[in-house]
file run_9.cif (mmCIF, N, CA, C and O atoms and all ligand atoms)
data_coords
loop_
_atom_site.label_atom_id
_atom_site.label_comp_id
_atom_site.auth_asym_id
_atom_site.auth_seq_id
_atom_site.Cartn_x
_atom_site.Cartn_y
_atom_site.Cartn_z
N MET A 1 98.30 111.25 93.02
CA MET A 1 98.75 111.28 94.42
C MET A 1 99.60 110.07 94.74
O MET A 1 99.24 108.96 94.38
N ALA A 2 100.72 110.26 95.40
CA ALA A 2 101.59 109.14 95.75
C ALA A 2 101.01 108.39 96.95
O ALA A 2 100.53 109.00 97.89
N ARG A 3 101.09 107.10 96.86
CA ARG A 3 100.61 106.28 97.98
C ARG A 3 101.62 106.37 99.13
O ARG A 3 102.81 106.19 98.92
N PRO A 4 101.11 106.63 100.32
CA PRO A 4 102.04 106.71 101.46
C PRO A 4 102.80 105.41 101.64
O PRO A 4 102.23 104.33 101.47
N LYS A 5 104.07 105.51 102.00
CA LYS A 5 104.93 104.32 102.16
C LYS A 5 104.35 103.33 103.17
O LYS A 5 104.42 102.13 102.96
N GLN A 6 103.82 103.87 104.26
CA GLN A 6 103.28 102.97 105.29
C GLN A 6 102.12 102.13 104.77
O GLN A 6 101.75 101.14 105.38
N PHE A 7 101.51 102.59 103.66
CA PHE A 7 100.30 101.92 103.19
C PHE A 7 100.50 101.22 101.85
O PHE A 7 99.54 100.95 101.15
N GLU A 8 101.74 100.92 101.56
CA GLU A 8 102.06 100.20 100.34
C GLU A 8 101.20 98.96 100.14
O GLU A 8 100.81 98.63 99.05
N HIS A 9 100.97 98.26 101.23
CA HIS A 9 100.27 96.98 101.13
C HIS A 9 98.82 97.05 101.60
O HIS A 9 98.17 96.04 101.77
N PHE A 10 98.35 98.27 101.79
CA PHE A 10 96.96 98.43 102.21
C PHE A 10 96.21 99.25 101.18
O PHE A 10 96.79 100.12 100.54
N ARG A 11 94.93 98.97 101.03
CA ARG A 11 94.12 99.77 100.12
C ARG A 11 93.30 100.81 100.89
O ARG A 11 93.15 101.94 100.45
N TYR A 12 92.78 100.41 102.04
CA TYR A 12 91.91 101.32 102.77
C TYR A 12 92.59 101.86 104.00
O TYR A 12 93.26 101.12 104.73
N VAL A 13 92.40 103.16 104.23
CA VAL A 13 92.96 103.79 105.43
C VAL A 13 91.87 104.65 106.07
O VAL A 13 91.14 105.36 105.38
N GLY A 14 91.73 104.53 107.38
CA GLY A 14 90.72 105.30 108.10
C GLY A 14 91.34 106.49 108.80
O GLY A 14 92.50 106.46 109.19
N ASP A 15 90.54 107.55 108.95
CA ASP A 15 90.94 108.72 109.71
C ASP A 15 90.16 108.71 111.02
O ASP A 15 88.93 108.84 111.03
N LYS A 16 90.88 108.54 112.13
CA LYS A 16 90.22 108.41 113.43
C LYS A 16 89.48 109.67 113.85
O LYS A 16 88.59 109.62 114.68
N ARG A 17 89.91 110.82 113.31
CA ARG A 17 89.30 112.08 113.76
C ARG A 17 87.86 112.21 113.30
O ARG A 17 87.03 112.77 113.99
N ASN A 18 87.58 111.73 112.09
CA ASN A 18 86.21 111.91 111.58
C ASN A 18 85.58 110.58 111.14
O ASN A 18 84.52 110.57 110.54
N GLN A 19 86.25 109.47 111.46
CA GLN A 19 85.71 108.15 111.15
C GLN A 19 85.40 107.99 109.66
O GLN A 19 84.37 107.46 109.30
N ARG A 20 86.33 108.48 108.82
CA ARG A 20 86.18 108.31 107.37
C ARG A 20 87.19 107.28 106.91
O ARG A 20 88.32 107.24 107.40
N VAL A 21 86.78 106.49 105.93
CA VAL A 21 87.72 105.55 105.33
C VAL A 21 87.99 105.98 103.89
O VAL A 21 87.07 106.33 103.15
N HIS A 22 89.27 106.00 103.51
CA HIS A 22 89.68 106.39 102.16
C HIS A 22 90.18 105.17 101.40
O HIS A 22 90.78 104.27 101.97
N ASP A 23 89.92 105.20 100.09
CA ASP A 23 90.42 104.18 99.18
C ASP A 23 91.69 104.72 98.53
O ASP A 23 91.63 105.61 97.69
N LEU A 24 92.84 104.21 98.93
CA LEU A 24 94.10 104.77 98.43
C LEU A 24 94.29 104.57 96.93
O LEU A 24 95.08 105.27 96.31
N ASP A 25 93.58 103.62 96.35
CA ASP A 25 93.66 103.44 94.90
C ASP A 25 93.01 104.60 94.15
O ASP A 25 93.30 104.83 92.98
N ASN A 26 92.10 105.30 94.82
CA ASN A 26 91.36 106.38 94.16
C ASN A 26 91.48 107.72 94.88
O ASN A 26 90.75 108.65 94.57
N ALA A 27 92.37 107.80 95.84
CA ALA A 27 92.44 109.01 96.67
C ALA A 27 92.72 110.25 95.85
O ALA A 27 93.47 110.21 94.88
N THR A 28 92.11 111.36 96.24
CA THR A 28 92.29 112.64 95.56
C THR A 28 92.92 113.63 96.54
O THR A 28 93.02 113.36 97.74
N ASP A 29 93.31 114.79 96.01
CA ASP A 29 93.87 115.83 96.88
C ASP A 29 92.89 116.22 97.98
O ASP A 29 93.28 116.58 99.08
N ALA A 30 91.60 116.15 97.64
CA ALA A 30 90.56 116.54 98.60
C ALA A 30 90.53 115.64 99.83
O ALA A 30 89.99 116.02 100.87
N CYS A 31 91.11 114.46 99.70
CA CYS A 31 91.10 113.52 100.83
C CYS A 31 92.04 113.95 101.95
O CYS A 31 91.85 113.56 103.10
N GLY A 32 93.06 114.72 101.61
CA GLY A 32 94.01 115.18 102.63
C GLY A 32 94.82 114.04 103.22
O GLY A 32 95.13 114.03 104.41
N ILE A 33 95.19 113.07 102.39
CA ILE A 33 95.95 111.91 102.89
C ILE A 33 97.31 112.34 103.44
O ILE A 33 97.72 111.86 104.49
N ASP A 34 97.96 113.27 102.75
CA ASP A 34 99.28 113.72 103.23
C ASP A 34 99.16 114.30 104.64
O ASP A 34 99.97 114.02 105.52
N GLU A 35 98.12 115.10 104.81
CA GLU A 35 97.89 115.74 106.11
C GLU A 35 97.56 114.67 107.15
O GLU A 35 98.02 114.73 108.30
N LEU A 36 96.79 113.68 106.74
CA LEU A 36 96.42 112.59 107.64
C LEU A 36 97.66 111.82 108.10
O LEU A 36 97.79 111.48 109.28
N MET A 37 98.60 111.60 107.18
CA MET A 37 99.83 110.89 107.54
C MET A 37 100.64 111.70 108.54
O MET A 37 101.22 111.16 109.47
N LYS A 38 100.66 113.02 108.34
CA LYS A 38 101.40 113.89 109.26
C LYS A 38 100.75 113.89 110.63
O LYS A 38 101.43 113.90 111.65
N ALA A 39 99.44 113.91 110.66
CA ALA A 39 98.71 113.95 111.94
C ALA A 39 98.79 112.60 112.65
O ALA A 39 98.56 112.52 113.85
N GLU A 40 99.09 111.55 111.87
CA GLU A 40 99.21 110.20 112.44
C GLU A 40 97.96 109.73 113.16
O GLU A 40 98.03 109.05 114.18
N THR A 41 96.82 110.11 112.63
CA THR A 41 95.56 109.65 113.21
C THR A 41 94.91 108.62 112.30
O THR A 41 93.71 108.43 112.31
N PHE A 42 95.74 107.98 111.49
CA PHE A 42 95.22 106.99 110.55
C PHE A 42 95.14 105.62 111.19
O PHE A 42 95.79 105.34 112.20
N VAL A 43 94.34 104.78 110.60
CA VAL A 43 94.20 103.40 111.07
C VAL A 43 94.02 102.53 109.83
O VAL A 43 93.47 102.98 108.83
N CYS A 44 94.57 101.31 109.88
CA CYS A 44 94.30 100.40 108.78
C CYS A 44 93.47 99.23 109.29
O CYS A 44 93.30 99.06 110.50
N PHE A 45 92.93 98.49 108.37
CA PHE A 45 91.94 97.49 108.72
C PHE A 45 92.42 96.08 108.41
O PHE A 45 93.17 95.86 107.46
N GLY A 46 92.00 95.14 109.22
CA GLY A 46 92.32 93.74 108.94
C GLY A 46 91.07 92.89 109.08
O GLY A 46 90.54 92.82 110.17
N PRO A 47 90.56 92.33 108.02
CA PRO A 47 91.05 92.42 106.64
C PRO A 47 90.87 93.81 106.04
O PRO A 47 90.06 94.59 106.53
N ASP A 48 91.65 94.09 105.02
CA ASP A 48 91.72 95.38 104.37
C ASP A 48 90.55 95.57 103.39
O ASP A 48 90.74 95.60 102.19
N THR A 49 89.34 95.67 103.94
CA THR A 49 88.15 95.77 103.10
C THR A 49 87.23 96.88 103.62
O THR A 49 87.31 97.27 104.79
N LEU A 50 86.34 97.33 102.74
CA LEU A 50 85.35 98.34 103.14
C LEU A 50 84.38 97.78 104.15
O LEU A 50 83.89 98.49 105.02
N VAL A 51 84.08 96.49 104.02
CA VAL A 51 83.15 95.85 104.94
C VAL A 51 83.70 95.93 106.36
O VAL A 51 82.99 96.28 107.31
N GLU A 52 84.99 95.61 106.49
CA GLU A 52 85.61 95.69 107.81
C GLU A 52 85.61 97.13 108.33
O GLU A 52 85.31 97.37 109.50
N ALA A 53 85.91 98.08 107.46
CA ALA A 53 85.88 99.49 107.85
C ALA A 53 84.49 99.87 108.34
O ALA A 53 84.32 100.52 109.37
N SER A 54 83.49 99.43 107.59
CA SER A 54 82.11 99.72 107.93
C SER A 54 81.71 99.07 109.26
O SER A 54 81.02 99.67 110.08
N ASN A 55 82.20 97.85 109.49
CA ASN A 55 81.94 97.17 110.76
C ASN A 55 82.52 97.95 111.93
O ASN A 55 82.05 97.83 113.06
N ARG A 56 83.57 98.69 111.65
CA ARG A 56 84.20 99.47 112.71
C ARG A 56 83.69 100.91 112.71
O ARG A 56 84.32 101.81 113.26
N CYS A 57 82.54 101.11 112.06
CA CYS A 57 81.84 102.41 112.08
C CYS A 57 82.56 103.51 111.31
O CYS A 57 82.38 104.68 111.61
N TYR A 58 83.38 103.12 110.33
CA TYR A 58 83.98 104.11 109.44
C TYR A 58 83.09 104.31 108.24
O TYR A 58 82.59 103.35 107.66
N LYS A 59 82.90 105.58 107.87
CA LYS A 59 82.05 105.91 106.73
C LYS A 59 82.92 106.19 105.52
O LYS A 59 83.96 106.82 105.64
N PRO A 60 82.46 105.73 104.35
CA PRO A 60 83.27 105.92 103.13
C PRO A 60 83.45 107.39 102.79
O PRO A 60 82.49 108.16 102.86
N CYS A 61 84.66 107.77 102.41
CA CYS A 61 84.95 109.13 101.93
C CYS A 61 84.25 109.32 100.60
O CYS A 61 84.35 108.47 99.71
N ARG A 62 83.56 110.45 100.44
CA ARG A 62 82.80 110.64 99.20
C ARG A 62 83.72 111.00 98.03
O ARG A 62 83.31 110.95 96.88
N HIS A 63 84.96 111.37 98.30
CA HIS A 63 85.87 111.73 97.21
C HIS A 63 86.47 110.51 96.53
O HIS A 63 86.78 110.55 95.36
N CYS A 64 86.73 109.47 97.28
CA CYS A 64 87.55 108.39 96.72
C CYS A 64 86.90 107.01 96.77
O CYS A 64 87.34 106.11 96.07
N VAL A 65 85.88 106.84 97.60
CA VAL A 65 85.23 105.52 97.66
C VAL A 65 84.03 105.55 96.73
O VAL A 65 83.16 106.40 96.87
N ARG A 66 84.03 104.64 95.81
CA ARG A 66 82.95 104.61 94.82
C ARG A 66 81.63 104.19 95.45
O ARG A 66 81.62 103.32 96.33
N GLY A 67 80.56 104.79 94.98
CA GLY A 67 79.24 104.54 95.55
C GLY A 67 78.85 103.07 95.55
O GLY A 67 78.34 102.57 96.55
N ASP A 68 79.11 102.38 94.46
CA ASP A 68 78.68 100.98 94.38
C ASP A 68 79.44 100.13 95.39
O ASP A 68 78.88 99.23 96.01
N GLU A 69 80.71 100.45 95.60
CA GLU A 69 81.49 99.69 96.58
C GLU A 69 81.06 100.04 98.00
O GLU A 69 80.99 99.19 98.87
N ALA A 70 80.74 101.31 98.22
CA ALA A 70 80.34 101.75 99.55
C ALA A 70 79.05 101.06 99.96
O ALA A 70 78.83 100.77 101.13
N ALA A 71 78.18 100.82 98.99
CA ALA A 71 76.89 100.22 99.29
C ALA A 71 77.01 98.72 99.52
O ALA A 71 76.14 98.12 100.14
N ALA A 72 78.09 98.12 99.05
CA ALA A 72 78.21 96.68 99.15
C ALA A 72 78.49 96.23 100.58
O ALA A 72 79.03 96.98 101.36
ZN ZN B 1 89.04 110.03 100.38
#
call {"tool": "encode", "arguments": {"input": "run_9.cif", "output": "structure tokens", "more": "lines below"}}
Ligand SMILES: [Zn+2]
result
Amino acid sequence: MARPKQFEHFRYVGDKRNQRVHDLDNATDACGIDELMKAETFVCFGPDTLVEASNRCYKPCRHCVRGDEAAA
């Protein structure tokens, strides 16, 4: 999957509609990133970490966020 241009410098992207965070390094077709970019309901995090995503109540996507990282 090609990394969206807007997220060249970001690893994690959240979907505001379902409060999921995706790891763009591991994203799969099942993540629907292309659709998310079209819908423009994405959000990025500062700092660009899972911890920050989690602090903002985003849950890790089960397709692309690894379990060990999600638990950290
Ligand atoms: Zn995902």
call {"tool": "closest_residue", "arguments": {"input": "run_9.cif", "among": "A:Ala2, A:Val51, A:Ala39, A:Cys44", "to": "A:Arg17", "atoms": "only C-alpha atoms"}}
result
A:Ala39
call {"tool": "residues_around", "arguments": {"input": "run_9.cif", "residues": "A:Phe7", "least_positions_apart": "4", "cutoff": "9 Å", "atoms": "only C-alpha atoms", "output": "ChimeraX atom specification"}}
result
/A:3,11-13,24,44
call {"tool": "closest_atom_pairs", "arguments": {"input": "run_9.cif", "of": "chain A", "to": "ligand ZN 1 (chain B)", "cutoff": "7 Å", "atoms": "all atoms listed in the file", "output": "Markdown table"}}
result
| residue | atom | partner | partner_atom | distance |
| --- | --- | --- | --- | --- |
| A:Val21 | O | B:ZN1 | ZN | 5.0 |
| A:His22 | CA | B:ZN1 | ZN | 4.1 |
| A:Asp23 | N | B:ZN1 | ZN | 4.9 |
| A:Asn26 | O | B:ZN1 | ZN | 6.2 |
| A:Ala27 | CA | B:ZN1 | ZN | 5.1 |
| A:Thr28 | N | B:ZN1 | ZN | 5.3 |
| A:Ala30 | C | B:ZN1 | ZN | 5.8 |
| A:Cys31 | CA | B:ZN1 | ZN | 4.1 |
| A:Gly32 | N | B:ZN1 | ZN | 6.3 |
| A:Pro60 | C | B:ZN1 | ZN | 6.6 |
| A:Cys61 | CA | B:ZN1 | ZN | 4.5 |
| A:Arg62 | N | B:ZN1 | ZN | 5.5 |
| A:His63 | C | B:ZN1 | ZN | 4.7 |
| A:Cys64 | N | B:ZN1 | ZN | 3.9 |
| A:Val65 | N | B:ZN1 | ZN | 5.3 |
call {"tool": "atom_distance", "arguments": {"input": "run_9.cif", "atom1": "atom CA of A:Lys59", "atom2": "atom O of A:Asp15"}}
result
8.6 Å
call {"tool": "atom_distance", "arguments": {"input": "run_9.cif", "atom1": "atom CA of A:Asn55", "atom2": "atom CA of A:Asp29"}}
result
26.1 Å
call {"tool": "decode", "arguments": {"input": "run_9.cif", "residues": "stretch 16-61 of chain A", "atoms": "C-alpha atoms", "output": "PDB file, in the first residue's frame"}}
result
ATOM      1  CA  LYS A  16     -12.254  10.317  13.633  1.00  0.00           C
ATOM      2  CA  ARG A  17     -15.325   8.324  12.641  1.00  0.00           C
ATOM      3  CA  ASN A  18     -14.472   5.243  14.665  1.00  0.00           C
ATOM      4  CA  GLN A  19     -11.586   6.459  16.846  1.00  0.00           C
ATOM      5  CA  ARG A  20      -9.133   3.964  15.342  1.00  0.00           C
ATOM      6  CA  VAL A  21      -5.457   4.639  14.908  1.00  0.00           C
ATOM      7  CA  HIS A  22      -3.551   3.031  12.015  1.00  0.00           C
ATOM      8  CA  ASP A  23       0.157   2.363  11.705  1.00  0.00           C
ATOM      9  CA  LEU A  24       1.047   3.488   8.178  1.00  0.00           C
ATOM     10  CA  ASP A  25       4.218   1.385   8.243  1.00  0.00           C
ATOM     11  CA  ASN A  26       2.054  -1.736   8.456  1.00  0.00           C
ATOM     12  CA  ALA A  27      -1.244  -0.641   6.941  1.00  0.00           C
ATOM     13  CA  THR A  28      -3.177  -3.225   4.933  1.00  0.00           C
ATOM     14  CA  ASP A  29      -5.992  -2.982   2.398  1.00  0.00           C
ATOM     15  CA  ALA A  30      -8.377  -3.840   5.225  1.00  0.00           C
ATOM     16  CA  CYS A  31      -7.517  -0.548   6.907  1.00  0.00           C
ATOM     17  CA  GLY A  32      -9.242   1.462   4.182  1.00  0.00           C
ATOM     18  CA  ILE A  33      -6.615   4.210   4.298  1.00  0.00           C
ATOM     19  CA  ASP A  34      -7.394   5.344   0.749  1.00  0.00           C
ATOM     20  CA  GLU A  35     -11.050   5.692   1.668  1.00  0.00           C
ATOM     21  CA  LEU A  36     -10.096   7.497   4.868  1.00  0.00           C
ATOM     22  CA  MET A  37      -8.035  10.020   2.895  1.00  0.00           C
ATOM     23  CA  LYS A  38     -10.981  10.636   0.571  1.00  0.00           C
ATOM     24  CA  ALA A  39     -13.374  11.086   3.482  1.00  0.00           C
ATOM     25  CA  GLU A  40     -10.873  13.486   5.085  1.00  0.00           C
ATOM     26  CA  THR A  41     -11.810  12.375   8.573  1.00  0.00           C
ATOM     27  CA  PHE A  42      -8.219  11.576   9.458  1.00  0.00           C
ATOM     28  CA  VAL A  43      -6.195  13.115  12.231  1.00  0.00           C
ATOM     29  CA  CYS A  44      -2.505  12.971  13.035  1.00  0.00           C
ATOM     30  CA  PHE A  45      -0.892  13.076  16.416  1.00  0.00           C
ATOM     31  CA  GLY A  46       1.760  15.206  18.039  1.00  0.00           C
ATOM     32  CA  PRO A  47       3.935  13.543  19.122  1.00  0.00           C
ATOM     33  CA  ASP A  48       3.422  10.885  16.463  1.00  0.00           C
ATOM     34  CA  THR A  49       3.166   7.932  18.855  1.00  0.00           C
ATOM     35  CA  LEU A  50       0.660   5.269  19.870  1.00  0.00           C
ATOM     36  CA  VAL A  51       0.786   6.562  23.419  1.00  0.00           C
ATOM     37  CA  GLU A  52      -0.413   9.963  22.261  1.00  0.00           C
ATOM     38  CA  ALA A  53      -3.131   8.331  20.148  1.00  0.00           C
ATOM     39  CA  SER A  54      -4.202   6.298  23.145  1.00  0.00           C
ATOM     40  CA  ASN A  55      -4.240   9.418  25.344  1.00  0.00           C
ATOM     41  CA  ARG A  56      -6.673  10.890  22.860  1.00  0.00           C
ATOM     42  CA  CYS A  57      -8.913   7.811  23.159  1.00  0.00           C
ATOM     43  CA  TYR A  58      -7.941   6.267  19.824  1.00  0.00           C
ATOM     44  CA  LYS A  59      -7.909   2.477  19.764  1.00  0.00           C
ATOM     45  CA  PRO A  60      -5.291   0.572  17.777  1.00  0.00           C
ATOM     46  CA  CYS A  61      -6.449  -0.915  14.464  1.00  0.00           C
TER      47      CYS A  61
END
